[in-house]
Each structure stands twice: as C-alpha cells, then as structure tokens.
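Below is the file final11.json, which contains JSON, C-alpha atoms.
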```
[["chain", "number", "residue", "atom", "x", "y", "z"],
["A", 348, "ARG", "CA", -154.60, 157.78, -35.11],
["A", 349, "VAL", "CA", -151.96, 155.74, -36.91],
["A", 350, "ARG", "CA", -150.47, 158.95, -38.26],
["A", 351, "GLU", "CA", -150.41, 160.49, -34.78],
["A", 352, "ARG", "CA", -148.65, 157.43, -33.39],
["A", 353, "VAL", "CA", -146.03, 157.57, -36.16],
["A", 354, "MET", "CA", -145.46, 161.29, -35.58],
["A", 355, "ALA", "CA", -145.15, 160.73, -31.83],
["A", 356, "ALA", "CA", -142.65, 157.92, -32.39],
["A", 357, "LEU", "CA", -140.57, 160.09, -34.73],
["A", 358, "LYS", "CA", -140.65, 162.95, -32.25],
["A", 359, "GLU", "CA", -139.55, 160.68, -29.42],
["A", 360, "LYS", "CA", -136.74, 159.34, -31.60],
["A", 361, "ARG", "CA", -135.55, 162.87, -32.38],
["A", 362, "MET", "CA", -135.61, 163.78, -28.70],
["A", 363, "SER", "CA", -133.55, 160.71, -27.78],
["A", 364, "LYS", "CA", -131.01, 161.59, -30.49],
["A", 365, "ARG", "CA", -130.76, 165.16, -29.19],
["A", 366, "LYS", "CA", -130.18, 163.91, -25.65],
["A", 367, "GLN", "CA", -127.52, 161.49, -26.90],
["A", 368, "LEU", "CA", -125.78, 164.23, -28.89],
["A", 369, "ALA", "CA", -125.93, 166.58, -25.89],
["A", 370, "TRP", "CA", -124.40, 163.90, -23.68],
["A", 371, "LEU", "CA", -121.64, 163.23, -26.23],
["A", 372, "ALA", "CA", -120.95, 166.96, -26.55],
["A", 373, "THR", "CA", -120.64, 167.29, -22.77],
["A", 374, "LEU", "CA", -118.40, 164.23, -22.62],
["A", 375, "SER", "CA", -116.14, 165.50, -25.42],
["A", 376, "GLU", "CA", -115.80, 168.95, -23.85],
["A", 377, "ALA", "CA", -114.98, 167.43, -20.46],
["A", 378, "SER", "CA", -112.39, 165.11, -22.03],
["A", 379, "ALA", "CA", -110.82, 167.94, -24.02],
["A", 380, "GLY", "CA", -110.62, 170.15, -20.94],
["A", 381, "ALA", "CA", -109.08, 167.37, -18.84],
["A", 382, "LEU", "CA", -106.49, 166.46, -21.49],
["A", 383, "GLY", "CA", -105.58, 170.10, -22.04],
["A", 384, "GLN", "CA", -105.08, 170.62, -18.32],
["A", 385, "LEU", "CA", -103.03, 167.42, -18.12],
["A", 386, "PHE", "CA", -100.68, 168.64, -20.84],
["A", 387, "SER", "CA", -100.28, 171.97, -19.05],
["A", 388, "THR", "CA", -99.64, 170.22, -15.71],
["A", 389, "LEU", "CA", -96.95, 167.92, -17.10],
["A", 390, "LEU", "CA", -95.26, 170.79, -18.91],
["A", 391, "LEU", "CA", -95.17, 173.10, -15.89],
["A", 392, "TYR", "CA", -94.86, 170.51, -13.10],
["A", 393, "PRO", "CA", -91.43, 171.67, -11.82],
["A", 394, "LEU", "CA", -92.84, 175.18, -11.39],
["A", 395, "ASP", "CA", -95.89, 173.77, -9.62],
["A", 396, "THR", "CA", -93.67, 171.81, -7.20],
["A", 397, "SER", "CA", -91.52, 174.89, -6.49],
["A", 398, "LYS", "CA", -94.64, 176.99, -5.92],
["A", 399, "THR", "CA", -96.09, 174.44, -3.49],
["A", 400, "ARG", "CA", -92.85, 174.31, -1.47],
["A", 401, "ILE", "CA", -92.73, 178.11, -1.26],
["A", 402, "GLN", "CA", -96.37, 178.24, -0.15],
["A", 403, "ALA", "CA", -95.96, 175.44, 2.42],
["A", 404, "CYS", "CA", -92.81, 176.97, 3.94],
["A", 405, "LEU", "CA", -93.66, 178.83, 7.15],
["A", 406, "GLU", "CA", -91.96, 180.06, 10.33],
["A", 407, "GLU", "CA", -88.52, 179.49, 8.93],
["A", 408, "ASN", "CA", -87.51, 183.06, 8.15],
["A", 409, "ALA", "CA", -86.35, 183.92, 11.64],
["A", 410, "SER", "CA", -84.21, 180.83, 11.98],
["A", 411, "LYS", "CA", -82.73, 181.08, 8.49],
["A", 412, "GLN", "CA", -80.68, 184.17, 9.34],
["A", 413, "ASN", "CA", -79.16, 182.47, 12.38],
["A", 414, "GLU", "CA", -78.43, 179.36, 10.33],
["A", 415, "GLU", "CA", -76.73, 181.41, 7.62],
["A", 416, "GLU", "CA", -74.55, 183.21, 10.19],
["A", 417, "GLU", "CA", -73.54, 179.91, 11.76],
["A", 418, "GLU", "CA", -72.74, 178.45, 8.35],
["A", 419, "GLU", "CA", -70.52, 181.44, 7.53],
["A", 420, "GLU", "CA", -68.58, 181.00, 10.79],
["A", 421, "GLU", "CA", -68.16, 177.28, 10.19],
["A", 422, "ALA", "CA", -67.09, 177.88, 6.59],
["A", 423, "GLN", "CA", -64.14, 179.98, 7.78],
["A", 424, "GLU", "CA", -62.90, 177.15, 10.00],
["A", 425, "ILE", "CA", -63.12, 174.20, 7.63],
["A", 426, "THR", "CA", -60.06, 172.94, 5.76],
["A", 427, "GLU", "CA", -59.51, 172.83, 2.00],
["A", 428, "ILE", "CA", -60.25, 169.10, 1.94],
["A", 429, "GLU", "CA", -63.55, 169.64, 3.71],
["A", 430, "GLU", "CA", -64.33, 172.42, 1.26],
["A", 431, "LYS", "CA", -63.85, 170.07, -1.70],
["A", 432, "GLN", "CA", -66.04, 167.46, -0.04],
["A", 433, "LYS", "CA", -68.66, 170.10, 0.52],
["A", 434, "GLN", "CA", -68.59, 171.09, -3.15],
["A", 435, "LYS", "CA", -69.11, 167.46, -4.16],
["A", 436, "LYS", "CA", -72.05, 167.17, -1.80],
["A", 437, "GLN", "CA", -73.53, 170.37, -3.20],
["A", 438, "LYS", "CA", -73.38, 168.95, -6.72],
["A", 439, "GLU", "CA", -75.09, 165.77, -5.53],
["A", 440, "ASN", "CA", -77.71, 167.80, -3.66],
["A", 441, "TRP", "CA", -78.33, 169.90, -6.78],
["A", 442, "LYS", "CA", -78.99, 166.78, -8.84],
["A", 443, "GLU", "CA", -81.23, 165.40, -6.11],
["A", 444, "TRP", "CA", -83.10, 168.71, -5.95],
["A", 445, "ALA", "CA", -83.61, 168.78, -9.73],
["A", 446, "LEU", "CA", -85.01, 165.24, -9.73],
["A", 447, "SER", "CA", -87.19, 166.00, -6.71],
["A", 448, "LEU", "CA", -89.06, 168.63, -8.73],
["A", 449, "TYR", "CA", -90.79, 165.73, -10.49],
["A", 450, "THR", "CA", -91.69, 163.86, -7.30],
["A", 451, "GLY", "CA", -95.34, 162.84, -7.26],
["A", 452, "ILE", "CA", -95.87, 163.59, -10.95],
["A", 453, "GLU", "CA", -97.72, 160.28, -11.51],
["A", 454, "ALA", "CA", -100.21, 161.04, -8.75],
["A", 455, "LYS", "CA", -100.55, 164.61, -9.99],
["A", 456, "ALA", "CA", -101.28, 163.42, -13.53],
["A", 457, "PHE", "CA", -104.03, 161.09, -12.31],
["A", 458, "GLN", "CA", -105.42, 163.75, -9.98],
["A", 459, "THR", "CA", -105.48, 166.32, -12.81],
["A", 460, "LEU", "CA", -107.30, 164.00, -15.20],
["A", 461, "ALA", "CA", -109.88, 162.94, -12.61],
["A", 462, "SER", "CA", -110.53, 166.38, -11.11],
["A", 463, "GLN", "CA", -110.63, 168.32, -14.37],
["A", 464, "PHE", "CA", -112.87, 165.77, -16.08],
["A", 465, "LEU", "CA", -115.28, 165.86, -13.13],
["A", 466, "PHE", "CA", -115.25, 169.65, -13.06],
["A", 467, "PHE", "CA", -115.75, 170.20, -16.80],
["A", 468, "TYR", "CA", -118.38, 167.47, -17.10],
["A", 469, "THR", "CA", -120.41, 168.84, -14.17],
["A", 470, "TYR", "CA", -119.97, 172.44, -15.38],
["A", 471, "GLU", "CA", -121.08, 171.73, -18.96],
["A", 472, "TYR", "CA", -123.89, 169.41, -17.84],
["A", 473, "ILE", "CA", -125.44, 172.06, -15.57],
["A", 474, "LYS", "CA", -125.07, 174.76, -18.23],
["A", 475, "ARG", "CA", -126.79, 172.62, -20.86],
["A", 476, "LYS", "CA", -129.62, 171.80, -18.46],
["A", 477, "LEU", "CA", -130.18, 175.49, -17.75],
["A", 478, "LYS", "CA", -130.04, 176.43, -21.43],
["A", 479, "SER", "CA", -132.48, 173.66, -22.35],
["A", 480, "SER", "CA", -134.93, 175.09, -19.82],
["A", 481, "GLY", "CA", -134.87, 178.38, -21.72],
["A", 482, "ARG", "CA", -132.99, 180.35, -19.06],
["A", 483, "GLN", "CA", -130.45, 182.94, -20.18],
["A", 484, "ILE", "CA", -127.20, 182.41, -18.27],
["A", 485, "GLN", "CA", -125.74, 185.54, -16.68],
["A", 486, "ALA", "CA", -122.33, 186.23, -15.09],
["A", 487, "PHE", "CA", -123.58, 185.38, -11.59],
["A", 488, "ASP", "CA", -124.99, 182.10, -12.91],
["A", 489, "ASN", "CA", -121.54, 181.17, -14.21],
["A", 490, "VAL", "CA", -120.05, 181.81, -10.77],
["A", 491, "LEU", "CA", -122.67, 179.59, -9.10],
["A", 492, "ILE", "CA", -122.27, 176.83, -11.70],
["A", 493, "GLY", "CA", -118.48, 176.97, -11.32],
["A", 494, "MET", "CA", -118.77, 176.79, -7.53],
["A", 495, "LEU", "CA", -121.15, 173.82, -7.71],
["A", 496, "ALA", "CA", -118.93, 171.96, -10.20],
["A", 497, "GLY", "CA", -115.86, 172.78, -8.10],
["A", 498, "SER", "CA", -117.54, 171.50, -4.94],
["A", 499, "VAL", "CA", -118.40, 168.18, -6.59],
["A", 500, "ASN", "CA", -114.81, 167.93, -7.79],
["A", 501, "VAL", "CA", -113.36, 168.72, -4.32],
["A", 502, "LEU", "CA", -115.54, 166.22, -2.45],
["A", 503, "ILE", "CA", -114.40, 163.39, -4.72],
["A", 504, "THR", "CA", -110.75, 164.23, -5.47],
["A", 505, "GLN", "CA", -109.63, 166.02, -2.26],
["A", 506, "PRO", "CA", -107.64, 162.99, -0.98],
["A", 507, "LEU", "CA", -105.57, 162.99, -4.19],
["A", 508, "ASP", "CA", -104.97, 166.74, -3.94],
["A", 509, "THR", "CA", -103.82, 166.44, -0.31],
["A", 510, "TYR", "CA", -101.54, 163.50, -1.14],
["A", 511, "VAL", "CA", -99.87, 165.38, -4.02],
["A", 512, "THR", "CA", -99.39, 168.52, -1.90],
["A", 513, "MET", "CA", -97.78, 166.53, 0.94],
["A", 514, "LYS", "CA", -95.51, 164.73, -1.54],
["A", 515, "GLN", "CA", -94.38, 168.01, -3.09],
["A", 516, "SER", "CA", -93.85, 169.92, 0.15],
["A", 517, "ASN", "CA", -92.04, 167.16, 2.10],
["A", 518, "VAL", "CA", -89.28, 166.33, -0.40],
["A", 519, "LEU", "CA", -85.69, 166.55, 0.95],
["A", 520, "GLN", "CA", -86.96, 167.41, 4.44],
["A", 521, "VAL", "CA", -86.51, 165.70, 7.76],
["A", 522, "LYS", "CA", -89.35, 163.31, 8.50],
["A", 523, "ALA", "CA", -92.00, 164.69, 10.78],
["A", 524, "PRO", "CA", -93.09, 162.94, 13.99],
["A", 525, "ALA", "CA", -95.53, 160.08, 13.53],
["A", 526, "GLU", "CA", -98.49, 162.00, 14.90],
["A", 527, "LYS", "CA", -97.90, 164.86, 12.46],
["A", 528, "SER", "CA", -97.25, 162.70, 9.44],
["A", 529, "LYS", "CA", -100.44, 160.62, 9.67],
["A", 530, "PRO", "CA", -102.39, 160.83, 6.41],
["A", 531, "ARG", "CA", -105.14, 163.45, 6.55],
["A", 532, "LEU", "CA", -106.82, 162.75, 3.22],
["A", 533, "TYR", "CA", -109.49, 165.39, 3.68],
["A", 534, "ALA", "CA", -107.18, 168.01, 5.20],
["A", 535, "ALA", "CA", -108.25, 171.57, 4.31],
["A", 536, "LEU", "CA", -111.60, 170.37, 2.95],
["A", 537, "GLY", "CA", -113.30, 173.57, 4.12],
["A", 538, "PRO", "CA", -110.77, 175.87, 2.39],
["A", 539, "SER", "CA", -110.94, 173.72, -0.75],
["A", 540, "LEU", "CA", -114.73, 174.01, -0.86],
["A", 541, "PHE", "CA", -114.42, 177.77, -0.35],
["A", 542, "LEU", "CA", -111.90, 177.92, -3.21],
["A", 543, "SER", "CA", -114.44, 176.36, -5.55],
["A", 544, "ILE", "CA", -115.30, 180.02, -6.17],
["A", 545, "ASN", "CA", -111.98, 180.23, -8.07],
["A", 546, "PRO", "CA", -113.15, 178.42, -11.23],
["A", 547, "GLY", "CA", -116.46, 180.22, -10.91],
["A", 548, "ILE", "CA", -114.71, 183.59, -11.13],
["A", 549, "GLN", "CA", -112.46, 182.28, -13.90],
["A", 550, "TYR", "CA", -115.23, 181.06, -16.19],
["A", 551, "ALA", "CA", -117.51, 183.98, -15.42],
["A", 552, "THR", "CA", -114.71, 186.35, -16.44],
["A", 553, "PHE", "CA", -113.95, 184.25, -19.53],
["A", 554, "ASP", "CA", -117.56, 184.05, -20.69],
["A", 555, "GLN", "CA", -118.29, 187.73, -20.10],
["A", 556, "ILE", "CA", -115.21, 188.96, -21.98],
["A", 557, "LYS", "CA", -115.80, 186.38, -24.71],
["A", 558, "GLY", "CA", -119.38, 187.63, -25.12],
["A", 559, "PHE", "CA", -118.11, 191.21, -25.40],
["A", 560, "LEU", "CA", -115.42, 190.33, -27.96],
["A", 561, "THR", "CA", -117.65, 188.14, -30.13],
["A", 562, "LYS", "CA", -120.75, 190.31, -29.92],
["A", 563, "GLU", "CA", -120.41, 191.61, -33.48],
["A", 564, "ARG", "CA", -118.97, 188.44, -35.00],
["A", 565, "LYS", "CA", -121.10, 186.16, -37.14],
["A", 566, "ASN", "CA", -120.00, 182.84, -35.63],
["A", 567, "ASN", "CA", -119.60, 184.13, -32.03],
["A", 568, "THR", "CA", -116.30, 182.28, -31.60],
["A", 569, "LEU", "CA", -112.74, 183.15, -30.61],
["A", 570, "THR", "CA", -109.59, 182.16, -32.42],
["A", 571, "ALA", "CA", -107.34, 179.61, -30.69],
["A", 572, "PHE", "CA", -104.83, 182.33, -29.78],
["A", 573, "GLU", "CA", -107.55, 184.63, -28.43],
["A", 574, "ALA", "CA", -109.00, 181.81, -26.36],
["A", 575, "PHE", "CA", -105.54, 181.03, -24.97],
["A", 576, "LEU", "CA", -104.88, 184.65, -23.97],
["A", 577, "LEU", "CA", -108.35, 185.10, -22.50],
["A", 578, "GLY", "CA", -108.07, 181.83, -20.56],
["A", 579, "ALA", "CA", -104.72, 182.90, -19.10],
["A", 580, "PHE", "CA", -106.07, 186.35, -18.21],
["A", 581, "SER", "CA", -109.22, 185.02, -16.53],
["A", 582, "LYS", "CA", -107.16, 182.47, -14.56],
["A", 583, "CYS", "CA", -104.84, 185.26, -13.37],
["A", 584, "ILE", "CA", -107.80, 187.31, -12.16],
["A", 585, "ALA", "CA", -109.29, 184.37, -10.26],
["A", 586, "THR", "CA", -105.92, 183.44, -8.74],
["A", 587, "ILE", "CA", -105.10, 186.98, -7.55],
["A", 588, "VAL", "CA", -108.52, 187.36, -5.93],
["A", 589, "THR", "CA", -108.35, 184.05, -4.05],
["A", 590, "TYR", "CA", -104.58, 183.67, -3.50],
["A", 591, "PRO", "CA", -104.53, 184.30, 0.28],
["A", 592, "ALA", "CA", -106.95, 181.40, 0.73],
["A", 593, "ILE", "CA", -104.86, 179.27, -1.65],
["A", 594, "ARG", "CA", -101.75, 179.93, 0.48],
["A", 595, "GLY", "CA", -103.64, 179.05, 3.66],
["A", 596, "LYS", "CA", -104.99, 175.83, 2.12],
["A", 597, "VAL", "CA", -101.51, 174.63, 1.11],
["A", 598, "VAL", "CA", -100.18, 175.38, 4.60],
["A", 599, "CYS", "CA", -103.04, 173.31, 6.06],
["A", 600, "GLN", "CA", -102.26, 170.45, 3.67],
["A", 601, "SER", "CA", -98.50, 170.46, 4.31],
["A", 602, "VAL", "CA", -96.82, 167.85, 6.53],
["A", 603, "ASN", "CA", -97.07, 170.12, 9.59],
["A", 604, "GLY", "CA", -100.59, 171.29, 8.72],
["A", 605, "ALA", "CA", -102.23, 169.31, 11.54],
["A", 606, "LYS", "CA", -101.26, 172.02, 14.05],
["A", 607, "TYR", "CA", -103.56, 174.55, 12.38],
["A", 608, "SER", "CA", -107.22, 174.55, 13.37],
["A", 609, "GLY", "CA", -108.42, 175.82, 10.00],
["A", 610, "LEU", "CA", -107.96, 178.26, 7.15],
["A", 611, "MET", "CA", -108.23, 181.42, 9.28],
["A", 612, "ASP", "CA", -105.76, 180.05, 11.84],
["A", 613, "ALA", "CA", -103.26, 179.21, 9.09],
["A", 614, "MET", "CA", -103.64, 182.62, 7.45],
["A", 615, "THR", "CA", -103.24, 184.33, 10.84],
["A", 616, "LYS", "CA", -100.02, 182.41, 11.51],
["A", 617, "VAL", "CA", -98.74, 183.38, 8.04],
["A", 618, "VAL", "CA", -99.38, 187.08, 8.77],
["A", 619, "GLU", "CA", -97.74, 186.81, 12.21],
["A", 620, "SER", "CA", -94.69, 185.07, 10.78],
["A", 621, "GLU", "CA", -94.22, 186.83, 7.44],
["A", 622, "GLY", "CA", -96.46, 189.88, 7.50],
["A", 623, "SER", "CA", -99.46, 190.53, 5.28],
["A", 624, "LYS", "CA", -97.32, 190.17, 2.15],
["A", 625, "GLY", "CA", -96.78, 186.53, 3.17],
["A", 626, "LEU", "CA", -100.34, 185.79, 2.08],
["A", 627, "TYR", "CA", -99.13, 186.39, -1.50],
["A", 628, "LYS", "CA", -95.90, 184.44, -1.14],
["A", 629, "GLY", "CA", -95.23, 182.42, -4.30],
["A", 630, "LEU", "CA", -97.73, 184.37, -6.42],
["A", 631, "PRO", "CA", -95.23, 185.48, -9.11]]
```
What's the structure tokens form of this structure?
Amino acid sequence: RVRERVMAALKEKRMSKRKQLAWLATLSEASAGALGQLFSTLLLYPLDTSKTRIQACLEENASKQNEEEEEEEEAQEITEIEEKQKQKKQKENWKEWALSLYTGIEAKAFQTLASQFLFFYTYEYIKRKLKSSGRQIQAFDNVLIGMLAGSVNVLITQPLDTYVTMKQSNVLQVKAPAEKSKPRLYAALGPSLFLSINPGIQYATFDQIKGFLTKERKNNTLTAFEAFLLGAFSKCIATIVTYPAIRGKVVCQSVNGAKYSGLMDAMTKVVESEGSKGLYKGLP
C-alpha cells in the first residue's frame, strides 16, 4: 500500500509538471506570435493606414471628376503669386500627409499585442486540448479552431479595432456631424465575427501544406524561410477569399459607417457606387 501511494504521488507530480509545461508552451507560442505580429504591424503601418483609407473611401468617385474640372478652371485664373502660395501649401500638406500615415500607431500597437496574444493563446490551447484527448486534427478542425479563437479575440478587442480604423480613415478630413461621429465601439461586430473564418482558412492552409512538405522529413519542421513564405502564401489565400467582407467591414467602421444597416448593405452600396470590382478595392 505504501508503494502504491508513492507511485500515485509520483504519477500525480508528473501529470502536474506536464500540465505546467503545456501551459508554458502555449504561453510562449502566444507571446511569440503576438510579438512577431507587432513587429510586422509597426514596420508596415503606413501601408496599413493607406489601405484603410482606400477601403473606407466610398461614393466619392462621381464627385471627384467634377472637383478636378473645377480645380483646372480655377487654376487657369489664379495669379503667379497665388500659384506660389499654392505650392507652399502643397508642400505643407505633403508633410502633414506623411506624418498622418502614423496616426493611431500607439493604439494599433496595443490592439495588435492584445488581439494576437488572445488569438494565438486560444488557438494553441484548444489544439493542445484536442491532441491530449487523442483526436487527430484535420483541416476542417483547424478552420473551426481558428474561427473559435478569432471569435473570442473579436468579442474582447473589437472596440480597439473600431477605434484604430476610425482614427486611420478620418485623418485630414472634415469633421462629421455629431450624430455620425459618436463612438460605436462595437461597430461591424457581425462582420468581424464572420471574418473570424479568415485566420481559420489561413492556419488550415498553413498546416495542410506544412504537413505535405514535411511528410518525409525526420523532424517534421520547416526552415525559417520556408515558414515565412508559407505564412505569407496562406495569408494571401485567406485574404483573397474574404476580402469583399473585409472591405464592407471597414466601410461600416468608418466615420460615416452609421448610415449602413450592416455588412450586406455596405457591400451593396459599394457595388452600386464602384461596381463589383469595388469589393476588391485596396487589395493590391
């Protein structure tokens, strides 16, 4: 009996160590994923701001042509002094525009860290739970796990995402009326929950291609360069598949997004204003 008690105590100790190691592994993977995404966000933030402004811009194409024609007529009538003043203003506007590309970067950095940590932690935690139960994870399982992790992330960090989008899309623009500019922290929550399928597609694609490439390798791992290329490829696939919904979500989150009843209404207005190709505006 004493021996059985000792063996049981040792077994329980081993199990607690395994759980602790599993928790630390999940924590480290979530932290690594969040920090990697943060570095990418800071490096490419000007592009992200430009993309958001392009996506949020709607119903301006028709008026732009008239504005350009009026500007050309006015340009012919202004004097040389006015022309010089205009050039000075353009230089100032260019500097202001360049600086505005970094508007909201602090909020974006915090949002990236919080959202990516939540996503990766939830994703890895669910995967480890399934693996520990003896279940073999398939491609469809990866999609469901990614959607569940993405939904948890959206429900907690959606206010930050909306705030960053509004900051990026409203720079250097005339202030909207008070009723349109009221904070809508959970604007486009439905589209955001729907878009939780995006990381699901991304990681399902990544894991399936990784499994194919490492099938005959001893350690079943990718090199850093291979992982980078495969990550970029899988992200491209997920983005192309879900981009129309991404465009509609950004339109709903923009300063004037309150006038749209939902994702389908926003996407319909985009098609009416810019044609079906407008759903892929800003994709390149």
### Message
Using all atoms listed in the file for the distances, tell me which of A:Arg594, A:Lys514, A:Lys582, A:Lys606 is nearest to Val618 of chain A.
### Response
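Of the candidates, the smallest distance to Val618 of chain A is held by A:Arg594.
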### Distance in Å - atom CA of Gly609 of chain A versus atom CA of Ser462 of chain A
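Going from atom CA of Gly609 of chain A over to atom CA of Ser462 of chain A, I get 23.2 Å.
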### Which residue of A:Asp612, A:Asp508, A:Glu453, A:Glu573 approaches Leu389 of chain A most closely, using only C-alpha atoms
A:Glu453
### Task
State, in Å with one decimal place, the distance from atom CA of Leu465 of chain A to atom CA of Leu542 of chain A.
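Result for atom CA of Leu465 of chain A versus atom CA of Leu542 of chain A: 16.0 Å, one decimal.
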### Message
With 10 Å as the threshold, what does the neighbourhood of (-96.7, 182.2, -11.6) contain in terms of residues, counting all atoms listed in the file? Coordinates are those of the file; answer as a PyMOL selection string.
### Response
chain A and resi 394-395+398+583+586+629-631
### Query
Of the candidates A:Ile593, A:Ala372, A:Ala486, A:Cys599, which one gets nearest to Asn545 of chain A if we count only C-alpha atoms?
A:Ile593
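When atom CA of Tyr449 of chain A is paired with atom CA of Phe572 of chain A, their separation reads 29.1 Å.
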### Task
Rank A:Leu560, A:Gln549, A:Val511, A:Gln505 by their smallest atom-to-atom distance to Tyr533 of chain A, using all atoms listed in the file, and report the top residue only.
A:Gln505
### Message
So, with all atoms listed in the file as the atoms that count, which of A:Ser516, A:Ser498, A:Ser608, A:Ser387 lies closest to Ala456 of chain A?
### Response
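Once distances to Ala456 of chain A are computed over all atoms listed in the file, the minimum belongs to A:Ser387.
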### Message
Give me the residues near segment 550-558 of chain A as an NGL selection string, where near means some atom within 10 Å (using all atoms listed in the file) and where sequence neighbours in that chain fewer than 2 positions away do not count.
### Response
:A and (470 or 485-493 or 545-548 or 560-564 or 567-569 or 573-574 or 577-582 or 584-585)
How would the residues just picked look written out with C-alpha atoms as a PDB file, in the coordinates of the input?
```pdb
ATOM      1  CA  TYR A 470    -119.970 172.440 -15.380  1.00  0.00           C
ATOM      2  CA  GLN A 485    -125.740 185.540 -16.680  1.00  0.00           C
ATOM      3  CA  ALA A 486    -122.330 186.230 -15.090  1.00  0.00           C
ATOM      4  CA  PHE A 487    -123.580 185.380 -11.590  1.00  0.00           C
ATOM      5  CA  ASP A 488    -124.990 182.100 -12.910  1.00  0.00           C
ATOM      6  CA  ASN A 489    -121.540 181.170 -14.210  1.00  0.00           C
ATOM      7  CA  VAL A 490    -120.050 181.810 -10.770  1.00  0.00           C
ATOM      8  CA  LEU A 491    -122.670 179.590  -9.100  1.00  0.00           C
ATOM      9  CA  ILE A 492    -122.270 176.830 -11.700  1.00  0.00           C
ATOM     10  CA  GLY A 493    -118.480 176.970 -11.320  1.00  0.00           C
ATOM     11  CA  ASN A 545    -111.980 180.230  -8.070  1.00  0.00           C
ATOM     12  CA  PRO A 546    -113.150 178.420 -11.230  1.00  0.00           C
ATOM     13  CA  GLY A 547    -116.460 180.220 -10.910  1.00  0.00           C
ATOM     14  CA  ILE A 548    -114.710 183.590 -11.130  1.00  0.00           C
ATOM     15  CA  LEU A 560    -115.420 190.330 -27.960  1.00  0.00           C
ATOM     16  CA  THR A 561    -117.650 188.140 -30.130  1.00  0.00           C
ATOM     17  CA  LYS A 562    -120.750 190.310 -29.920  1.00  0.00           C
ATOM     18  CA  GLU A 563    -120.410 191.610 -33.480  1.00  0.00           C
ATOM     19  CA  ARG A 564    -118.970 188.440 -35.000  1.00  0.00           C
ATOM     20  CA  ASN A 567    -119.600 184.130 -32.030  1.00  0.00           C
ATOM     21  CA  THR A 568    -116.300 182.280 -31.600  1.00  0.00           C
ATOM     22  CA  LEU A 569    -112.740 183.150 -30.610  1.00  0.00           C
ATOM     23  CA  GLU A 573    -107.550 184.630 -28.430  1.00  0.00           C
ATOM     24  CA  ALA A 574    -109.000 181.810 -26.360  1.00  0.00           C
ATOM     25  CA  LEU A 577    -108.350 185.100 -22.500  1.00  0.00           C
ATOM     26  CA  GLY A 578    -108.070 181.830 -20.560  1.00  0.00           C
ATOM     27  CA  ALA A 579    -104.720 182.900 -19.100  1.00  0.00           C
ATOM     28  CA  PHE A 580    -106.070 186.350 -18.210  1.00  0.00           C
ATOM     29  CA  SER A 581    -109.220 185.020 -16.530  1.00  0.00           C
ATOM     30  CA  LYS A 582    -107.160 182.470 -14.560  1.00  0.00           C
ATOM     31  CA  ILE A 584    -107.800 187.310 -12.160  1.00  0.00           C
ATOM     32  CA  ALA A 585    -109.290 184.370 -10.260  1.00  0.00           C
TER      33      ALA A 585
END
```
### Message
Taking (-120.3, 164.7, -21.8) in the coordinates of the supplied file, I want to know which residues reach to within 12 Å of it, counting only C-alpha atoms; could you give the answer as a VMD selection string?
### Response
chain A and resid 366 to 381 464 to 475
Write out as a compact mmCIF listing (two decimals) with C-alpha atoms, keeping the file's coordinate frame the residues lying within 9 Å of Val499 of chain A, counting all atoms listed in the file and excluding same-chain residues fewer than 2 positions away.
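Writing the result to around20.txt gives the following:
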```txt
# COMPACT_ATOMS: atom_id res chain seq x y z
CA LEU A 465 -115.28 165.86 -13.13
CA PHE A 466 -115.25 169.65 -13.06
CA THR A 469 -120.41 168.84 -14.17
CA MET A 494 -118.77 176.79 -7.53
CA LEU A 495 -121.15 173.82 -7.71
CA ALA A 496 -118.93 171.96 -10.20
CA GLY A 497 -115.86 172.78 -8.10
CA VAL A 501 -113.36 168.72 -4.32
CA LEU A 502 -115.54 166.22 -2.45
CA ILE A 503 -114.40 163.39 -4.72
CA THR A 504 -110.75 164.23 -5.47
CA LEU A 540 -114.73 174.01 -0.86
```
### Task
Might you pull out every residue within 12 Å of segment 390-392 of chain A, with all atoms listed in the file counted and same-chain residues fewer than 3 positions away left off, and present them as a ChimeraX atom specification?
/A:383-387,395-399,445-456,459,511,515
